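K.L.:
First the structure, then my questions, so here it is.
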2 protein chains.
Amino acid sequence: MTSQAALRAIVAVDPAAGAAARARIDALTKPLGSLGRIEELAVRLSAMAGRVVDRPYDRAAILIGAGDHGVTAEGVSAYPAEVTPQMIGAFLGGHAAINAFARTVGADVFVANFGVRAGLGHHDRLIDVLVGHGTANFARGDAMRADDVELALAAGIAALDDVLGRAPYDTIALGEMGIGNTTSAAAIVAACTGESAGAVTGRGTGVDDATFARKRDVVASAVAPLEGAGWERIAAAVGGFEIVGLAGAILGAASRRLPILLDGFIVSAAALLAQRIAPASLGYCIAAHRSREPGHAVALEALGLRPLLDLDLRLGEGSGAALALPLVEAATRMIAEMKTFAEAGVSEKSES
Amino acid sequence: MTSQAALRAIVAVDPAAGAAARARIDALTKPLGSLGRIEELAVRLSAMAGRVVDRPYDRAAILIGAGDHGVTAEGVSAYPAEVTPQMIGAFLGGHAAINAFARTVGADVFVANFGVRAGLGHHDRLIDVLVGHGTANFARGDAMRADDVELALAAGIAALDDVLGRAPYDTIALGEMGIGNTTSAAAIVAACTGESAGAVTGRGTGVDDATFARKRDVVASAVAPLEGAGWERIAAAVGGFEIVGLAGAILGAASRRLPILLDGFIVSAAALLAQRIAPASLGYCIAAHRSREPGHAVALEALGLRPLLDLDLRLGEGSGAALALPLVEAATRMIAEMKTFAEAGVSEKSES
């Protein structure tokens, strides 16, 4: 699908389908409202689908967007940039955290290479949608050209097309890998929300005090000229290939009315860009968890999303999104497989 | 196993195994501490097992303890007592919420009949450990005889033995069904913790104001004479067959060093009894979620357990425990299947 076709295909979620789902849920054999947020999720999933969900969503794909960041030259990360391809090797080899979690929840893991500096070779689960070998250092100029923003967005849509060409996945979980990408995400979130660099910059993978101070200064300097800027300018100035690519994947999934589980801080930054591009895309986004990275709460607040899990995670890779997948499946099985009081012959609440 | 044998077999969890697990987790290919509560869980599961967990826990049983409550004669519940056997029919038929969630997480559902008033017939997944056909109305005298307390405890141990005789389950999730059992649980929690009836009594399945006031009064009156009472007296006075039975199941699982996922308020009341009987049993208990029933927070505080999920659930049946099972499996897969930096050839954090 082209970017333009994807954007044209995005429709708002359907509140009537949500209301019909609510009516069915209220008739199921359980006290009214007793499944709390699982019920809310089933209502939202029905609104996304445009009809009351009537089958389990048990086929999930986890798409990890990967890219390198020129801003690592400023010394903003605890890990060297060579870790990006090393961790991708772990994802494809099946021995990283995201693989352990994906096996737990029965999901398939794919890596989309939007912008890794090193060559990655070939692998069945590695989707080559390379825009460039790492962004430029945004402390010294724009991270990417305006053309690259368009290319990265299209690459995200293409990566999602590739995934959906392999199996009829019903849920998309998004994750990321890219040394330095919390610095880019912090700048995007600050620019999109108007919050200060101090409020959105965290310790990422665990930087020390000096690195943390440097990181915050880099974000503050980069964001200062972006006041009132549009999404294209923000993306070009401080974006990452994988972050813009993930925004494209969100648009692609929304255009197909698929639920999108957002992982942590970096994927939420991508969702903020996607929302600016196509506001209706937000209706398909589900916040999987609240990470310990401080800017994540800022991004979730701006998106108006309440996370499902709160497990003190701050890994990325899609790890939090993977752990929330069973909640999505549980919500669909609740509404599709439970019987109503009438169907089951169970006595209803007595009026008193 | 007899009650005495189970009690003798309960050993404290092993902090050395927990420390060894922590050392391995800290060497895995991820920033230190970045999987937060999943890491804590892997440490606890290793301490329970007495060695670093080295295989996925992917075989879970959900055991639902069922019983009826004479106190329903006081008009403390929104649903008629006939709902207990009707819902058991739904569990065995596979179309209740717990079944939808069990299918999501790949767990097997069993019902232990500790004290349902009606006859239930036979079913492969129905474990007959009947102590009596419903407790007596504890607003008018003791809920059960002292002998029945011992029988219910032994019945819980026997029910767990039965489950473990069917497959080598590595995780036990406990749930319950019994119209009126939040009233019994409230009285148990108040008596065990010294909290007031007002602090532990909630609306259960959703009672109206008048019923709620009646329920609170019933709890307050029943708890008043129990100040300083031991667990046998509390169980006899205000217990339920399924609640004491679930305490027995906790002791049985702890004696086999198995992790026990506690569902909500009622199962937490059982855990408080189990803790009084054998304090070391608490080391094997994991709080799955925080329910909306106010007494649950009181019970969790007394147990010193921090719940994994917070999804506004208040259904029971083991529904919250089922939804937390993937977190247990994820923790075991993390520690058993992830590689260390050295094993994976990934660069470690640079010293700065």
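Labels for the structure tokens follow display order: chains A, B, ..., residues from 1 in each chain, ligands from 1.
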Stretch 304-308 of chain B: which residues within 8 Å, counting only C-alpha atoms, same-chain residues fewer than 4 positions away excluded, as JSON, numbers by chain?
P.N.:
{"A": [311], "B": [37, 286, 287, 288, 289, 290, 300, 324]}
K.L.:
Within 6 Å of chain B, which residues of chain A are there when counting only C-alpha atoms? Please give them as a count of residues only.
P.N.:
28
K.L.:
Using DSSP on the backbone coordinates, identify the residues of stretch 42-153 of chain A assigned to strand (DSSP E or B); present them as JSON, numbers by chain.
P.N.:
{"A": [60, 61, 62, 63, 64, 65, 66, 67, 108, 109, 110, 111, 112, 113, 114, 115, 126, 127, 128]}
K.L.:
Write down as number ranges by chain the residues of stretch 161-238 of chain A whose backbone DSSP state falls under helix (DSSP H, G or I).
P.N.:
A: 161-164, 181-193, 197-200, 209-226, 231-238
K.L.:
Next, dump the selected residues to file, keeping only N, CA and C atoms, as a CSV table (one decimal), in the first residue's frame.
P.N.:
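The resulting file, selection_14.csv, is reproduced below:
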chain,number,residue,atom,x,y,z
A,161,ASP,N,2.8,-4.4,5.5
A,161,ASP,CA,2.2,-5.2,4.4
A,161,ASP,C,3.0,-6.5,4.3
A,162,ASP,N,4.3,-6.5,4.5
A,162,ASP,CA,5.1,-7.7,4.4
A,162,ASP,C,4.6,-8.7,5.5
A,163,VAL,N,4.5,-8.2,6.7
A,163,VAL,CA,4.1,-9.1,7.8
A,163,VAL,C,2.7,-9.7,7.6
A,164,LEU,N,1.8,-8.9,7.1
A,164,LEU,CA,0.4,-9.3,6.9
A,164,LEU,C,0.3,-10.2,5.7
A,181,ASN,N,18.0,5.6,20.7
A,181,ASN,CA,16.6,6.1,20.3
A,181,ASN,C,15.8,6.7,21.4
A,182,THR,N,16.2,6.6,22.7
A,182,THR,CA,15.4,7.3,23.7
A,182,THR,C,15.7,8.8,23.6
A,183,THR,N,16.9,9.2,23.1
A,183,THR,CA,17.2,10.6,22.9
A,183,THR,C,16.3,11.2,21.8
A,184,SER,N,16.2,10.5,20.7
A,184,SER,CA,15.3,10.9,19.6
A,184,SER,C,13.9,10.9,20.1
A,185,ALA,N,13.4,9.9,20.8
A,185,ALA,CA,12.1,9.9,21.2
A,185,ALA,C,11.8,11.0,22.2
A,186,ALA,N,12.7,11.3,23.1
A,186,ALA,CA,12.5,12.4,24.0
A,186,ALA,C,12.3,13.7,23.3
A,187,ALA,N,13.1,13.9,22.2
A,187,ALA,CA,13.0,15.2,21.5
A,187,ALA,C,11.7,15.2,20.7
A,188,ILE,N,11.2,14.1,20.2
A,188,ILE,CA,9.9,14.1,19.5
A,188,ILE,C,8.8,14.4,20.4
A,189,VAL,N,8.8,13.7,21.6
A,189,VAL,CA,7.7,13.9,22.6
A,189,VAL,C,7.7,15.3,23.1
A,190,ALA,N,8.9,15.9,23.3
A,190,ALA,CA,9.0,17.3,23.8
A,190,ALA,C,8.4,18.2,22.7
A,191,ALA,N,8.8,18.0,21.5
A,191,ALA,CA,8.4,18.9,20.4
A,191,ALA,C,6.9,18.7,20.1
A,192,CYS,N,6.4,17.5,20.2
A,192,CYS,CA,4.9,17.3,20.0
A,192,CYS,C,4.0,17.7,21.1
A,193,THR,N,4.5,17.7,22.3
A,193,THR,CA,3.7,18.0,23.5
A,193,THR,C,3.9,19.4,24.1
A,197,ALA,N,12.5,19.5,28.0
A,197,ALA,CA,13.4,18.4,27.9
A,197,ALA,C,13.6,17.7,29.2
A,198,GLY,N,13.6,18.4,30.3
A,198,GLY,CA,13.7,17.8,31.6
A,198,GLY,C,12.6,16.8,31.9
A,199,ALA,N,11.4,17.1,31.5
A,199,ALA,CA,10.2,16.3,31.8
A,199,ALA,C,10.2,15.0,31.0
A,200,VAL,N,10.9,15.0,29.8
A,200,VAL,CA,10.7,13.8,28.9
A,200,VAL,C,12.0,13.0,28.8
A,209,ASP,N,25.1,9.9,35.7
A,209,ASP,CA,24.6,11.3,35.8
A,209,ASP,C,25.2,12.3,34.7
A,210,ALA,N,26.5,12.1,34.4
A,210,ALA,CA,27.1,13.0,33.4
A,210,ALA,C,26.5,12.8,32.1
A,211,THR,N,26.3,11.5,31.7
A,211,THR,CA,25.6,11.2,30.4
A,211,THR,C,24.2,11.7,30.4
A,212,PHE,N,23.5,11.6,31.5
A,212,PHE,CA,22.1,12.0,31.6
A,212,PHE,C,22.0,13.5,31.4
A,213,ALA,N,22.9,14.3,32.0
A,213,ALA,CA,22.9,15.7,31.9
A,213,ALA,C,23.2,16.1,30.4
A,214,ARG,N,24.1,15.4,29.8
A,214,ARG,CA,24.5,15.7,28.4
A,214,ARG,C,23.3,15.4,27.5
A,215,LYS,N,22.6,14.3,27.8
A,215,LYS,CA,21.5,13.9,27.0
A,215,LYS,C,20.3,14.9,27.0
A,216,ARG,N,20.1,15.4,28.2
A,216,ARG,CA,19.1,16.4,28.4
A,216,ARG,C,19.4,17.7,27.7
A,217,ASP,N,20.7,18.1,27.7
A,217,ASP,CA,21.1,19.3,27.0
A,217,ASP,C,20.9,19.1,25.5
A,218,VAL,N,21.3,17.9,25.0
A,218,VAL,CA,21.1,17.7,23.6
A,218,VAL,C,19.7,17.8,23.2
A,219,VAL,N,18.8,17.2,24.0
A,219,VAL,CA,17.4,17.3,23.7
A,219,VAL,C,16.9,18.7,23.7
A,220,ALA,N,17.2,19.4,24.8
A,220,ALA,CA,16.8,20.8,24.9
A,220,ALA,C,17.2,21.7,23.8
A,221,SER,N,18.5,21.6,23.3
A,221,SER,CA,19.0,22.4,22.2
A,221,SER,C,18.3,22.0,20.9
A,222,ALA,N,18.0,20.7,20.7
A,222,ALA,CA,17.4,20.3,19.5
A,222,ALA,C,15.9,20.7,19.4
A,223,VAL,N,15.3,20.7,20.5
A,223,VAL,CA,13.8,21.0,20.6
A,223,VAL,C,13.5,22.5,20.5
A,224,ALA,N,14.4,23.3,21.0
A,224,ALA,CA,14.2,24.8,21.1
A,224,ALA,C,13.7,25.4,19.8
A,225,PRO,N,14.3,25.1,18.6
A,225,PRO,CA,13.8,25.7,17.4
A,225,PRO,C,12.5,25.1,16.8
A,226,LEU,N,12.0,24.0,17.5
A,226,LEU,CA,10.9,23.3,16.9
A,226,LEU,C,9.5,23.7,17.4
A,231,TRP,N,4.6,18.0,11.9
A,231,TRP,CA,5.3,16.6,12.2
A,231,TRP,C,6.4,16.4,11.2
A,232,GLU,N,6.3,16.9,9.9
A,232,GLU,CA,7.4,16.6,9.0
A,232,GLU,C,8.7,17.2,9.5
A,233,ARG,N,8.6,18.5,10.0
A,233,ARG,CA,9.8,19.2,10.4
A,233,ARG,C,10.3,18.5,11.7
A,234,ILE,N,9.5,18.1,12.6
A,234,ILE,CA,9.9,17.4,13.8
A,234,ILE,C,10.6,16.1,13.5
A,235,ALA,N,10.0,15.4,12.6
A,235,ALA,CA,10.6,14.1,12.2
A,235,ALA,C,12.0,14.3,11.5
A,236,ALA,N,12.0,15.2,10.6
A,236,ALA,CA,13.3,15.5,9.9
A,236,ALA,C,14.4,16.0,10.9
A,237,ALA,N,14.0,16.8,11.8
A,237,ALA,CA,15.0,17.5,12.7
A,237,ALA,C,15.5,16.5,13.7
A,238,VAL,N,14.7,15.7,14.4
A,238,VAL,CA,15.1,14.9,15.5
A,238,VAL,C,14.7,13.4,15.5
K.L.:
For stretch 134-143 of chain B, find every residue with an atom within 7 Å (counting only C-alpha atoms), except residues of its own chain fewer than 4 positions away, and show them as a PyMOL selection string.
P.N.:
chain B and resi 67-71+73+115-117+218+222+236-241
K.L.:
Would you put the residues from that selection into a file with N, CA and C atoms, as a CSV table (one decimal), in the first residue's frame?
P.N.:
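Result went into again-v4.csv, see below:
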chain,number,residue,atom,x,y,z
B,67,GLY,N,-18.4,-23.6,47.0
B,67,GLY,CA,-19.1,-23.9,48.2
B,67,GLY,C,-20.3,-23.0,48.4
B,68,ASP,N,-21.3,-23.4,49.2
B,68,ASP,CA,-22.4,-22.5,49.5
B,68,ASP,C,-22.3,-22.0,50.9
B,69,HIS,N,-23.1,-20.9,51.2
B,69,HIS,CA,-22.9,-20.2,52.4
B,69,HIS,C,-24.3,-20.0,53.1
B,70,GLY,N,-24.5,-20.5,54.3
B,70,GLY,CA,-25.7,-20.3,55.0
B,70,GLY,C,-26.1,-18.9,55.2
B,71,VAL,N,-25.0,-18.0,55.3
B,71,VAL,CA,-25.3,-16.6,55.6
B,71,VAL,C,-26.1,-15.9,54.5
B,73,ALA,N,-28.9,-16.5,53.8
B,73,ALA,CA,-30.2,-16.4,54.3
B,73,ALA,C,-30.5,-15.0,54.9
B,115,GLY,N,-18.3,-27.7,49.1
B,115,GLY,CA,-19.5,-27.5,49.9
B,115,GLY,C,-20.7,-26.9,49.2
B,116,VAL,N,-21.0,-27.4,48.0
B,116,VAL,CA,-22.1,-26.9,47.3
B,116,VAL,C,-23.4,-27.6,47.8
B,117,ARG,N,-24.5,-26.8,48.0
B,117,ARG,CA,-25.7,-27.3,48.6
B,117,ARG,C,-26.3,-28.3,47.7
B,218,VAL,N,-23.8,-7.8,59.4
B,218,VAL,CA,-23.6,-9.2,59.7
B,218,VAL,C,-22.1,-9.5,59.9
B,222,ALA,N,-20.5,-10.8,63.6
B,222,ALA,CA,-19.8,-12.1,63.6
B,222,ALA,C,-18.4,-12.0,64.1
B,236,ALA,N,-14.1,-21.9,61.9
B,236,ALA,CA,-15.3,-22.5,62.3
B,236,ALA,C,-16.4,-21.5,62.4
B,237,ALA,N,-16.1,-20.3,62.9
B,237,ALA,CA,-17.1,-19.3,63.2
B,237,ALA,C,-17.7,-18.7,61.9
B,238,VAL,N,-16.8,-18.3,61.0
B,238,VAL,CA,-17.2,-17.5,59.8
B,238,VAL,C,-16.7,-18.0,58.5
B,239,GLY,N,-16.1,-19.2,58.5
B,239,GLY,CA,-15.5,-19.7,57.3
B,239,GLY,C,-16.5,-20.2,56.3
B,240,GLY,N,-15.9,-20.6,55.1
B,240,GLY,CA,-16.7,-21.3,54.1
B,240,GLY,C,-16.0,-22.5,53.8
B,241,PHE,N,-16.7,-23.6,53.4
B,241,PHE,CA,-16.0,-24.8,53.0
B,241,PHE,C,-15.0,-24.6,51.9
